[in-house]
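Student: Please read through the structure below; I'll follow up with questions.
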Amino acid sequence: MRMRKKPWARSELECCDFFVINPKEYKGKWKEFFGNDKPIYLELGCGKGTFMAVHGSENPDINYIAIDIKDEVLGLAKRNIEKAYEEKNRKVDNVRLMAQEIGLISEILSKEDVISRIYINFCNPWPKEKHKKRRLTHTRQLEQYKTFLKSDGEIYFKTDDDELFEESLEYFNEAGFRIKYITYDLHNSDFEGNVQTEHERMFSEQGIKIKFLIAVKS
Ligand SMILES: C[S@@+](CC[C@H](N)C(=O)[O-])C[C@H]1O[C@@H](n2cnc3c(N)ncnc32)[C@H](O)[C@@H]1O
């Protein structure tokens, strides 16, 4: 979906305490940057940040890194996160938001960063054969994530797209992950504690079932 330019976004992000202007500086040092020993969860392609706003504000004992590539959505994510924390009378102290190409995520995260969980919500399905390597769940990407995901660390993956889901199962298998939980209809499953994203709401309203899995690094 194409989004209108938001000329305010970059300047607003640069003045924001929890937006990281140069994330490469913190490679291997995210724990020190957060200043505590709490587990770190990572959201890839956070979009307008509604998922992060709920998770971050409701889980003060977790630190979160939220990544997207577009200033337009990151500007909205910043506002949505601030709003959720304001409503809970909290300072945004456990979320770091940043612009980063996920294909180059090794520029900002290393094995010293020990990520406990990764969320991939409604990533682009890249249906054409020649583009499949760009999928955020492609084996090539999973191999990168394995370098900073702790052993027994989990990837939570949700999508509306049947083909992407089926082929991702193969990617997880190829990369040596174990599937701990799987459902082809998340909203009618026994999974508790789901937080809906913008795209999840949109697809559910169209009657599309949400596919979801939890993969564990063995
Ligand atoms: C379809 S949207 C999903 C947004 C949100 N996760 C949701 O579920 O509503 C995908 C998001 O991932 C971001 N994205 C896609 N490819 C990316 C990449 N290679 N690096 C960083 N962000 C990316 C896009 O900018 C977009 O905001």
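In the structure tokens, chains take letters A, B, ... by order of appearance, with residues numbered from 1 within each chain and ligands from 1 in the order shown.
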Residues of range 153-196 of chain A within 12 Å of range 24-45 of chain A: nearest atom pair and distance (Å, one decimal) for each, counting only C-alpha atoms, sorted by chain and number, as CSV?
Tutor:
```
residue,atom,partner,partner_atom,distance
A:Gly153,CA,A:Tyr41,CA,9.7
A:Glu154,CA,A:Tyr41,CA,9.5
A:Ile155,CA,A:Leu42,CA,9.4
A:Tyr156,CA,A:Glu43,CA,9.5
A:Phe157,CA,A:Leu44,CA,10.2
A:Lys158,CA,A:Leu44,CA,11.7
```
Student: Pull the strand (DSSP E) assignments for range 6-186 of chain A out of DSSP run on the backbone, and list those residues as number ranges by chain.
Tutor: A: 40-44, 63-68, 95-99, 115-121, 149-159, 177-183
Student: Which residues of chain A have any atom within 7 Å of an atom in ligand 1 when counting only C-alpha atoms and all ligand atoms, and what is the closest pair of atoms for each, with the distance in Å to one decimal? Order the rows by chain and rising number and write it as JSON lines.
Tutor:
```
{"residue": "A:Leu44", "atom": "CA", "partner": "ligand 1", "partner_atom_place_in_ligand_line": "22 (N)", "distance": 6.6}
{"residue": "A:Gly45", "atom": "CA", "partner": "ligand 1", "partner_atom_place_in_ligand_line": "12 (O)", "distance": 3.4}
{"residue": "A:Cys46", "atom": "CA", "partner": "ligand 1", "partner_atom_place_in_ligand_line": "6 (N)", "distance": 4.4}
{"residue": "A:Gly47", "atom": "CA", "partner": "ligand 1", "partner_atom_place_in_ligand_line": "27 (O)", "distance": 3.5}
{"residue": "A:Lys48", "atom": "CA", "partner": "ligand 1", "partner_atom_place_in_ligand_line": "5 (C)", "distance": 6.6}
{"residue": "A:Ile67", "atom": "CA", "partner": "ligand 1", "partner_atom_place_in_ligand_line": "21 (C)", "distance": 6.3}
{"residue": "A:Asp68", "atom": "CA", "partner": "ligand 1", "partner_atom_place_in_ligand_line": "22 (N)", "distance": 3.8}
{"residue": "A:Ile69", "atom": "CA", "partner": "ligand 1", "partner_atom_place_in_ligand_line": "21 (C)", "distance": 4.0}
{"residue": "A:Lys70", "atom": "CA", "partner": "ligand 1", "partner_atom_place_in_ligand_line": "25 (O)", "distance": 5.1}
{"residue": "A:Val73", "atom": "CA", "partner": "ligand 1", "partner_atom_place_in_ligand_line": "27 (O)", "distance": 6.0}
{"residue": "A:Gln100", "atom": "CA", "partner": "ligand 1", "partner_atom_place_in_ligand_line": "21 (C)", "distance": 5.6}
{"residue": "A:Glu101", "atom": "CA", "partner": "ligand 1", "partner_atom_place_in_ligand_line": "20 (N)", "distance": 3.7}
{"residue": "A:Ile102", "atom": "CA", "partner": "ligand 1", "partner_atom_place_in_ligand_line": "20 (N)", "distance": 3.9}
{"residue": "A:Gly103", "atom": "CA", "partner": "ligand 1", "partner_atom_place_in_ligand_line": "19 (N)", "distance": 5.4}
{"residue": "A:Ile120", "atom": "CA", "partner": "ligand 1", "partner_atom_place_in_ligand_line": "6 (N)", "distance": 6.8}
{"residue": "A:Asn121", "atom": "CA", "partner": "ligand 1", "partner_atom_place_in_ligand_line": "6 (N)", "distance": 4.4}
{"residue": "A:Phe122", "atom": "CA", "partner": "ligand 1", "partner_atom_place_in_ligand_line": "8 (O)", "distance": 4.5}
{"residue": "A:Cys123", "atom": "CA", "partner": "ligand 1", "partner_atom_place_in_ligand_line": "10 (C)", "distance": 4.7}
{"residue": "A:Asn124", "atom": "CA", "partner": "ligand 1", "partner_atom_place_in_ligand_line": "1 (C)", "distance": 5.4}
{"residue": "A:Thr197", "atom": "CA", "partner": "ligand 1", "partner_atom_place_in_ligand_line": "9 (O)", "distance": 4.5}
{"residue": "A:Glu198", "atom": "CA", "partner": "ligand 1", "partner_atom_place_in_ligand_line": "9 (O)", "distance": 3.9}
{"residue": "A:His199", "atom": "CA", "partner": "ligand 1", "partner_atom_place_in_ligand_line": "9 (O)", "distance": 3.8}
{"residue": "A:Glu200", "atom": "CA", "partner": "ligand 1", "partner_atom_place_in_ligand_line": "8 (O)", "distance": 5.9}
```
Student: Taking only C-alpha atoms into account, which of A:Asn94, A:Asn22, A:Asn63, A:Thr50 comes nearest Leu76 in chain A?
Tutor: A:Thr50
Student: So which bits of range 19-196 of chain A end up alpha helix (DSSP H) when you DSSP the backbone, as a ChimeraX atom specification?
Tutor: /A:30-34,50-58,71-87,139-148,162-174
Student: In terms of the shortest atom-to-atom distance over only C-alpha atoms, which of A:Ser218, A:Asn80, A:Ser116, A:Asn59 is closest to Ala175 in chain A?
Tutor: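 When distances to Ala175 in chain A are compared using only C-alpha atoms, the smallest one comes from A:Ser218.
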Student: With only C-alpha atoms as the atoms that count, which of A:Met3, A:Leu97, A:Ile118, A:Ile210 lies nearest to Asp162 in chain A?
Tutor: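 Ranking A:Met3, A:Leu97, A:Ile118, A:Ile210 by distance to Asp162 in chain A, first place goes to A:Ile210.
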Student: For Val114 in chain A, which residue among A:Asp152, A:Glu192, A:Glu86, A:Asp17 is the nearest when counting only C-alpha atoms?
Tutor: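 Of all the options, A:Asp152 lies closest to Val114 in chain A.
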